[in-house]
Structure formats: structure tokens, C-alpha cells
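The data block below is upload.pdb; it holds PDB, C-alpha atoms, pLDDT in the B column.
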```pdb
MODEL        1
ATOM      1  CA  MET B  13       1.339 -16.006 -77.590  1.00 47.00           C
ATOM      2  CA  VAL B  14       3.027 -19.114 -79.015  1.00 47.00           C
ATOM      3  CA  ASP B  15       5.701 -17.088 -80.886  1.00 48.00           C
ATOM      4  CA  ARG B  16       6.539 -15.101 -77.753  1.00 49.00           C
ATOM      5  CA  VAL B  17       6.700 -18.279 -75.694  1.00 48.00           C
ATOM      6  CA  LYS B  18       8.941 -20.064 -78.211  1.00 45.00           C
ATOM      7  CA  ARG B  19      11.354 -17.142 -78.050  1.00 45.00           C
ATOM      8  CA  ALA B  20      11.238 -17.292 -74.240  1.00 44.00           C
ATOM      9  CA  LEU B  21      11.969 -20.987 -73.872  1.00 49.00           C
ATOM     10  CA  PRO B  22      15.783 -20.723 -73.755  1.00 54.00           C
ATOM     11  CA  ILE B  23      15.483 -18.555 -70.639  1.00 70.00           C
ATOM     12  CA  GLY B  24      12.364 -20.172 -69.287  1.00 78.00           C
ATOM     13  CA  LEU B  25       8.779 -19.095 -68.856  1.00 89.00           C
ATOM     14  CA  GLY B  26       7.411 -16.420 -66.585  1.00 92.00           C
ATOM     15  CA  VAL B  27       4.521 -16.951 -64.187  1.00 91.00           C
ATOM     16  CA  SER B  28       1.596 -14.648 -63.526  1.00 90.00           C
ATOM     17  CA  LEU B  29       0.679 -12.975 -60.276  1.00 90.00           C
ATOM     18  CA  SER B  30      -2.476 -15.097 -60.071  1.00 87.00           C
ATOM     19  CA  PHE B  31      -0.277 -18.203 -60.385  1.00 88.00           C
ATOM     20  CA  LEU B  32       1.861 -17.034 -57.443  1.00 92.00           C
ATOM     21  CA  HIS B  33      -1.275 -16.389 -55.389  1.00 90.00           C
ATOM     22  CA  ASP B  34      -2.524 -19.883 -56.249  1.00 87.00           C
ATOM     23  CA  ILE B  35       0.761 -21.392 -55.042  1.00 89.00           C
ATOM     24  CA  VAL B  36       0.337 -19.513 -51.742  1.00 92.00           C
ATOM     25  CA  ARG B  37      -3.230 -20.849 -51.500  1.00 90.00           C
ATOM     26  CA  ILE B  38      -1.919 -24.381 -52.111  1.00 88.00           C
ATOM     27  CA  LEU B  39       0.684 -23.914 -49.373  1.00 91.00           C
ATOM     28  CA  ARG B  40      -1.990 -22.694 -46.949  1.00 92.00           C
ATOM     29  CA  GLU B  41      -4.153 -25.723 -47.709  1.00 91.00           C
ATOM     30  CA  LYS B  42      -1.366 -28.284 -47.517  1.00 90.00           C
ATOM     31  CA  TYR B  43       0.624 -26.687 -44.665  1.00 92.00           C
ATOM     32  CA  PRO B  44      -1.891 -24.743 -42.536  1.00 93.00           C
ATOM     33  CA  ASP B  45      -0.425 -22.316 -40.009  1.00 91.00           C
ATOM     34  CA  GLU B  46      -2.857 -23.582 -37.364  1.00 91.00           C
ATOM     35  CA  LYS B  47      -1.585 -27.141 -37.690  1.00 90.00           C
ATOM     36  CA  PRO B  48       2.053 -27.378 -38.888  1.00 87.00           C
ATOM     37  CA  VAL B  49       2.929 -30.501 -40.853  1.00 88.00           C
ATOM     38  CA  GLU B  50       5.888 -32.616 -39.782  1.00 86.00           C
ATOM     39  CA  THR B  51       8.266 -33.711 -42.511  1.00 82.00           C
ATOM     40  CA  VAL B  52      11.829 -34.967 -42.748  1.00 80.00           C
ATOM     41  CA  GLY B  53      14.643 -32.569 -43.653  1.00 75.00           C
ATOM     42  CA  ARG B  54      17.623 -33.201 -45.923  1.00 74.00           C
ATOM     43  CA  ASN B  55      19.657 -34.674 -43.074  1.00 83.00           C
ATOM     44  CA  GLY B  56      16.851 -36.830 -41.700  1.00 83.00           C
ATOM     45  CA  GLU B  57      15.836 -34.338 -39.029  1.00 86.00           C
ATOM     46  CA  LYS B  58      12.152 -33.741 -38.295  1.00 88.00           C
ATOM     47  CA  ILE B  59      10.883 -30.309 -39.341  1.00 87.00           C
ATOM     48  CA  LEU B  60       7.521 -28.645 -38.769  1.00 88.00           C
ATOM     49  CA  PHE B  61       6.274 -26.693 -41.789  1.00 89.00           C
ATOM     50  CA  SER B  62       3.474 -24.186 -42.077  1.00 92.00           C
ATOM     51  CA  ALA B  63       2.624 -21.944 -45.028  1.00 92.00           C
ATOM     52  CA  SER B  64       3.956 -18.815 -43.356  1.00 94.00           C
ATOM     53  CA  THR B  65       7.346 -20.386 -42.581  1.00 93.00           C
ATOM     54  CA  ILE B  66       8.076 -22.174 -45.862  1.00 94.00           C
ATOM     55  CA  THR B  67      11.063 -20.693 -47.661  1.00 94.00           C
ATOM     56  CA  THR B  68      11.622 -20.729 -51.405  1.00 94.00           C
ATOM     57  CA  SER B  69      14.077 -23.566 -50.836  1.00 92.00           C
ATOM     58  CA  ASP B  70      11.426 -25.516 -48.897  1.00 92.00           C
ATOM     59  CA  LEU B  71       8.868 -24.905 -51.651  1.00 93.00           C
ATOM     60  CA  CYS B  72      11.268 -26.329 -54.190  1.00 90.00           C
ATOM     61  CA  ARG B  73      11.943 -29.439 -52.090  1.00 88.00           C
ATOM     62  CA  LEU B  74       8.338 -30.029 -50.972  1.00 89.00           C
ATOM     63  CA  ILE B  75       6.379 -29.212 -54.137  1.00 89.00           C
ATOM     64  CA  ILE B  76       8.362 -28.191 -57.226  1.00 89.00           C
ATOM     65  CA  ARG B  77      10.871 -31.042 -57.444  1.00 88.00           C
ATOM     66  CA  PRO B  78       8.391 -33.845 -56.649  1.00 88.00           C
ATOM     67  CA  ASP B  79       5.805 -32.485 -59.101  1.00 85.00           C
ATOM     68  CA  THR B  80       8.288 -32.071 -61.973  1.00 85.00           C
ATOM     69  CA  GLN B  81      10.537 -35.085 -61.436  1.00 84.00           C
ATOM     70  CA  GLU B  82       8.772 -37.354 -63.910  1.00 84.00           C
ATOM     71  CA  ALA B  83       8.225 -34.643 -66.541  1.00 81.00           C
ATOM     72  CA  ASN B  84      11.896 -33.577 -66.340  1.00 84.00           C
ATOM     73  CA  VAL B  85      11.088 -29.930 -67.139  1.00 87.00           C
ATOM     74  CA  SER B  86      10.577 -26.733 -65.180  1.00 88.00           C
ATOM     75  CA  TYR B  87       7.344 -26.206 -63.255  1.00 88.00           C
ATOM     76  CA  ALA B  88       6.247 -23.454 -65.666  1.00 87.00           C
ATOM     77  CA  GLN B  89       7.114 -25.558 -68.713  1.00 85.00           C
ATOM     78  CA  MET B  90       5.197 -28.514 -67.294  1.00 84.00           C
ATOM     79  CA  ILE B  91       2.111 -26.328 -66.915  1.00 81.00           C
ATOM     80  CA  TYR B  92       2.588 -24.788 -70.359  1.00 80.00           C
ATOM     81  CA  ASN B  93       2.874 -28.263 -71.908  1.00 78.00           C
ATOM     82  CA  GLY B  94      -0.528 -29.085 -70.443  1.00 71.00           C
ATOM     83  CA  LYS B  95       0.668 -32.308 -68.908  1.00 58.00           C
ATOM     84  CA  ASN B  96      -1.459 -33.013 -65.876  1.00 48.00           C
ATOM     85  CA  VAL B  97       1.448 -34.320 -63.859  1.00 41.00           C
ATOM     86  CA  CYS B  98       1.366 -31.398 -61.460  1.00 50.00           C
ATOM     87  CA  SER B  99      -0.399 -32.762 -58.403  1.00 50.00           C
ATOM     88  CA  HIS B 100      -1.393 -29.282 -57.224  1.00 53.00           C
ATOM     89  CA  TYR B 101      -2.365 -27.525 -60.443  1.00 55.00           C
ATOM     90  CA  LYS B 102      -4.534 -29.481 -62.854  1.00 56.00           C
ATOM     91  CA  ASP B 103      -7.083 -27.006 -64.292  1.00 58.00           C
ATOM     92  CA  ARG B 104      -5.807 -26.572 -67.890  1.00 54.00           C
ATOM     93  CA  LYS B 105      -8.083 -23.593 -68.692  1.00 57.00           C
ATOM     94  CA  LYS B 106      -6.745 -21.747 -65.685  1.00 57.00           C
ATOM     95  CA  THR B 107      -3.118 -22.703 -66.181  1.00 57.00           C
ATOM     96  CA  ALA B 108      -3.114 -21.512 -69.790  1.00 58.00           C
ATOM     97  CA  ARG B 109      -3.262 -17.964 -68.392  1.00 72.00           C
ATOM     98  CA  CYS B 110      -0.544 -18.583 -65.809  1.00 82.00           C
ATOM     99  CA  VAL B 111       2.614 -18.904 -67.900  1.00 85.00           C
ATOM    100  CA  ASP B 112       4.006 -16.896 -70.799  1.00 86.00           C
ATOM    101  CA  ALA B 113       7.141 -15.135 -71.953  1.00 87.00           C
ATOM    102  CA  PRO B 114       8.514 -13.227 -68.943  1.00 90.00           C
ATOM    103  CA  ASN B 115       8.513  -9.426 -68.974  1.00 88.00           C
ATOM    104  CA  HIS B 116       9.837  -8.976 -65.431  1.00 91.00           C
ATOM    105  CA  PHE B 117      12.847 -10.560 -63.755  1.00 93.00           C
ATOM    106  CA  VAL B 118      12.769 -11.229 -60.009  1.00 95.00           C
ATOM    107  CA  SER B 119      15.949 -11.702 -58.018  1.00 93.00           C
ATOM    108  CA  HIS B 120      15.531 -13.106 -54.514  1.00 93.00           C
ATOM    109  CA  ALA B 121      17.187 -15.220 -51.844  1.00 94.00           C
ATOM    110  CA  TRP B 122      15.947 -18.754 -51.354  1.00 92.00           C
ATOM    111  CA  GLN B 123      16.399 -18.767 -47.579  1.00 94.00           C
ATOM    112  CA  TYR B 124      13.552 -16.300 -47.054  1.00 95.00           C
ATOM    113  CA  ARG B 125       9.863 -17.065 -46.769  1.00 96.00           C
ATOM    114  CA  PHE B 126       8.111 -17.679 -50.065  1.00 96.00           C
ATOM    115  CA  ILE B 127       4.969 -15.832 -48.947  1.00 96.00           C
ATOM    116  CA  GLU B 128       7.068 -12.708 -48.387  1.00 96.00           C
ATOM    117  CA  LEU B 129       8.445 -13.019 -51.918  1.00 97.00           C
ATOM    118  CA  VAL B 130       4.898 -13.181 -53.287  1.00 96.00           C
ATOM    119  CA  GLU B 131       3.906 -10.179 -51.164  1.00 96.00           C
ATOM    120  CA  ALA B 132       6.833  -8.186 -52.598  1.00 96.00           C
ATOM    121  CA  VAL B 133       5.994  -9.147 -56.198  1.00 95.00           C
ATOM    122  CA  THR B 134       2.338  -8.271 -55.538  1.00 94.00           C
ATOM    123  CA  ALA B 135       3.271  -4.853 -54.127  1.00 94.00           C
ATOM    124  CA  PHE B 136       5.482  -4.194 -57.186  1.00 92.00           C
ATOM    125  CA  ALA B 137       2.700  -5.210 -59.589  1.00 91.00           C
ATOM    126  CA  GLU B 138       0.060  -3.154 -57.765  1.00 90.00           C
ATOM    127  CA  LYS B 139       2.300  -0.098 -57.831  1.00 89.00           C
ATOM    128  CA  LYS B 140       3.035  -0.555 -61.521  1.00 85.00           C
ATOM    129  CA  LEU B 141      -0.638  -1.110 -62.350  1.00 84.00           C
ATOM    130  CA  SER B 142      -1.700   1.988 -60.406  1.00 85.00           C
ATOM    131  CA  GLN B 143       0.536   4.293 -62.448  1.00 78.00           C
ATOM    132  CA  THR B 144      -1.015   6.701 -64.914  1.00 70.00           C
ATOM    133  CA  PRO B 145      -0.433   6.369 -67.761  1.00 76.00           C
ATOM    134  CA  LYS B 146       0.043   2.653 -67.475  1.00 70.00           C
ATOM    135  CA  PRO B 147       3.574   1.427 -68.233  1.00 70.00           C
ATOM    136  CA  MET B 148       3.917  -0.324 -71.576  1.00 71.00           C
ATOM    137  CA  GLY B 149       5.466  -3.669 -72.328  1.00 71.00           C
ATOM    138  CA  LYS B 150       7.774  -4.349 -75.280  1.00 69.00           C
ATOM    139  CA  ASP B 151       4.693  -5.281 -77.312  1.00 71.00           C
ATOM    140  CA  GLY B 152       3.378  -1.723 -76.919  1.00 70.00           C
ATOM    141  CA  LYS B 153       0.439  -2.791 -74.751  1.00 71.00           C
ATOM    142  CA  ALA B 154      -0.195  -1.380 -71.306  1.00 71.00           C
ATOM    143  CA  PHE B 155       0.546  -3.792 -68.472  1.00 74.00           C
ATOM    144  CA  THR B 156      -2.474  -5.386 -66.830  1.00 73.00           C
ATOM    145  CA  ASP B 157      -2.769  -8.118 -64.224  1.00 70.00           C
ATOM    146  CA  THR B 158      -3.176 -10.598 -67.097  1.00 74.00           C
ATOM    147  CA  ASN B 159      -0.048  -9.740 -69.092  1.00 80.00           C
ATOM    148  CA  MET B 160       2.597  -9.364 -66.400  1.00 88.00           C
ATOM    149  CA  PHE B 161       4.781 -12.472 -66.199  1.00 91.00           C
ATOM    150  CA  PHE B 162       7.607 -12.827 -63.700  1.00 94.00           C
ATOM    151  CA  TRP B 163      10.742 -14.851 -64.260  1.00 94.00           C
ATOM    152  CA  LEU B 164      11.412 -16.658 -60.981  1.00 94.00           C
ATOM    153  CA  ASP B 165      14.122 -19.276 -61.115  1.00 92.00           C
ATOM    154  CA  GLN B 166      12.291 -21.862 -59.010  1.00 92.00           C
ATOM    155  CA  PHE B 167       9.520 -21.997 -61.640  1.00 92.00           C
ATOM    156  CA  ALA B 168      11.541 -21.237 -64.814  1.00 89.00           C
ATOM    157  CA  VAL B 169      14.394 -23.715 -64.268  1.00 87.00           C
ATOM    158  CA  ASP B 170      14.174 -27.523 -64.196  1.00 83.00           C
ATOM    159  CA  GLU B 171      15.002 -27.890 -60.508  1.00 83.00           C
ATOM    160  CA  ASN B 172      15.587 -31.628 -60.795  1.00 79.00           C
ATOM    161  CA  ASN B 173      18.583 -30.958 -63.029  1.00 75.00           C
ATOM    162  CA  THR B 174      20.406 -28.354 -60.956  1.00 69.00           C
ATOM    163  CA  MET B 175      23.404 -28.690 -58.685  1.00 59.00           C
ATOM    164  CA  THR B 176      21.515 -28.172 -55.415  1.00 53.00           C
TER
ENDMDL
END
```
Any chance you could give the structure as C-alpha cells?
Amino acid sequence: MVDRVKRALPIGLGVSLSFLHDIVRILREKYPDEKPVETVGRNGEKILFSASTITTSDLCRLIIRPDTQEANVSYAQMIYNGKNVCSHYKDRKKTARCVDAPNHFVSHAWQYRFIELVEAVTAFAEKKLSQTPKPMGKDGKAFTDTNMFFWLDQFAVDENNTMT
């Protein structure tokens, strides 16, 4: 795994489907739909957030940037490094299986709901995993739910060092 990850570092790390599902779980715990959380927007306006309304842009502002600011790396790299600076994701045994060299690239718009992005990636993965014979990765192994890693910019890029 380390050799594959070292080769992946210039483009960033991919995240697993279970990682994406854990992020959704974190959003549901922190921003429950039944009781939206009030926060302040970029321009000082008050905004109510709930898990089902949070966009990818919101996720970046509310969780990714604050959690990675001190580490000065991408969210995926921070987890890969094993630094327990991520306030939402501290189980090292679990996180070791969450990031690796990406074998799928996901293009998406940040203004749409993050949960819908995860639902789309999940549907893609389920369809791919249900195929017979199973599709093979570049390493010649059939894809499983433990070796599919998705390159998503909000996790692969250091969001504290971008223009937005």
C-alpha cells in the first residue's frame, strides 16, 4: 500500500466509500435534520444548517478547513499521516482503511448537497460491485468495497491553501 500511496501523493489520496458514509454520519450527528444548527455565513449572515441541506462547499467551511488548518495538509493526507488532529475522525485503526491511492475520479459541483454526492458515489460503487465478472483495477484485483478509493477534491486537496 505504501508504494501506491507514495505514487498517489502528487495528485492526492482517494477516500473509501465507508469514509464517505462516516462523514455523512458525522454530519447527521452534528447537524441533525430535526434540529438545524445556526451558524454564521461568510458575510456574517445567520444560516441554519442540517445534514440534508449541507452542500460540499458548506462541508468544506464547517468541517474540512477547521480540522486541517493546523496540519496544513488535505483531509485525506491528515488521516493517512495518523495525526489525531481531526476532531471528527480519531480511530486510527479505522482510518487506515479509509484512504489510499485513488482508482476513481469524481467530478461534482460544490453548490449541491453533499449527501446527494455520497448517494451518487454509493450507487456507482454498488453497480460496479454487482457486475459479473467483477471489474478489475490496475493492480489486476477485482474491485471490492475495501479497495475502491475515490478522488474527491474536497478531501484530496489542502483546502486551506486554495483560492476560495
Excluding B:Ala168 and any residue of its chain fewer than 3 positions from it, enumerate the residues within 10 Å of it, using all atoms listed in the file, and give them as a ChimeraX atom specification. /B:21-27,85-90,111,114,162-165,171
Fewer than 5 positions away in the same chain doesn't count, so skip those; otherwise give me all residues within 12 Å of stretch 125-132 of chain B, counting all atoms listed in the file, as a PyMOL selection string. chain B and resi 27-40+61-72+118-120+137-139+162+164+166
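Between atom CA of B:Ile91 and atom CA of B:Thr134 the separation is 21.3 Å.
Counting only C-alpha atoms, the residue from B:Arg73, B:Lys47, B:Lys42, B:Lys58 that sits nearest to B:Asn172 is B:Arg73.
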Kindly give the distance, in Å, that separates atom CA of B:Ile59 and atom CA of B:Ala83, rounded to a single decimal. 27.7 Å
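Across the model, the gap from atom CA of B:Thr80 to atom CA of B:Phe167 is 10.2 Å.
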From the list B:Lys146, B:Arg77, B:Lys140, B:Lys153, which residue is nearest B:His116 when using all atoms listed in the file? B:Lys140
Could you list the residues chosen by the PyMOL selection byres ((chain B and resi 155) around 12) in this structure as a PDB file with C-alpha atoms, in the frame of the given file?
```pdb
ATOM      1  CA  SER B  28       1.596 -14.648 -63.526  1.00 90.00           C
ATOM      2  CA  ASN B 115       8.513  -9.426 -68.974  1.00 88.00           C
ATOM      3  CA  HIS B 116       9.837  -8.976 -65.431  1.00 91.00           C
ATOM      4  CA  ALA B 137       2.700  -5.210 -59.589  1.00 91.00           C
ATOM      5  CA  GLU B 138       0.060  -3.154 -57.765  1.00 90.00           C
ATOM      6  CA  LYS B 139       2.300  -0.098 -57.831  1.00 89.00           C
ATOM      7  CA  LYS B 140       3.035  -0.555 -61.521  1.00 85.00           C
ATOM      8  CA  LEU B 141      -0.638  -1.110 -62.350  1.00 84.00           C
ATOM      9  CA  SER B 142      -1.700   1.988 -60.406  1.00 85.00           C
ATOM     10  CA  GLN B 143       0.536   4.293 -62.448  1.00 78.00           C
ATOM     11  CA  THR B 144      -1.015   6.701 -64.914  1.00 70.00           C
ATOM     12  CA  PRO B 145      -0.433   6.369 -67.761  1.00 76.00           C
ATOM     13  CA  LYS B 146       0.043   2.653 -67.475  1.00 70.00           C
ATOM     14  CA  PRO B 147       3.574   1.427 -68.233  1.00 70.00           C
ATOM     15  CA  MET B 148       3.917  -0.324 -71.576  1.00 71.00           C
ATOM     16  CA  GLY B 149       5.466  -3.669 -72.328  1.00 71.00           C
ATOM     17  CA  LYS B 150       7.774  -4.349 -75.280  1.00 69.00           C
ATOM     18  CA  ASP B 151       4.693  -5.281 -77.312  1.00 71.00           C
ATOM     19  CA  GLY B 152       3.378  -1.723 -76.919  1.00 70.00           C
ATOM     20  CA  LYS B 153       0.439  -2.791 -74.751  1.00 71.00           C
ATOM     21  CA  ALA B 154      -0.195  -1.380 -71.306  1.00 71.00           C
ATOM     22  CA  THR B 156      -2.474  -5.386 -66.830  1.00 73.00           C
ATOM     23  CA  ASP B 157      -2.769  -8.118 -64.224  1.00 70.00           C
ATOM     24  CA  THR B 158      -3.176 -10.598 -67.097  1.00 74.00           C
ATOM     25  CA  ASN B 159      -0.048  -9.740 -69.092  1.00 80.00           C
ATOM     26  CA  MET B 160       2.597  -9.364 -66.400  1.00 88.00           C
ATOM     27  CA  PHE B 161       4.781 -12.472 -66.199  1.00 91.00           C
TER      28      PHE B 161
END
```
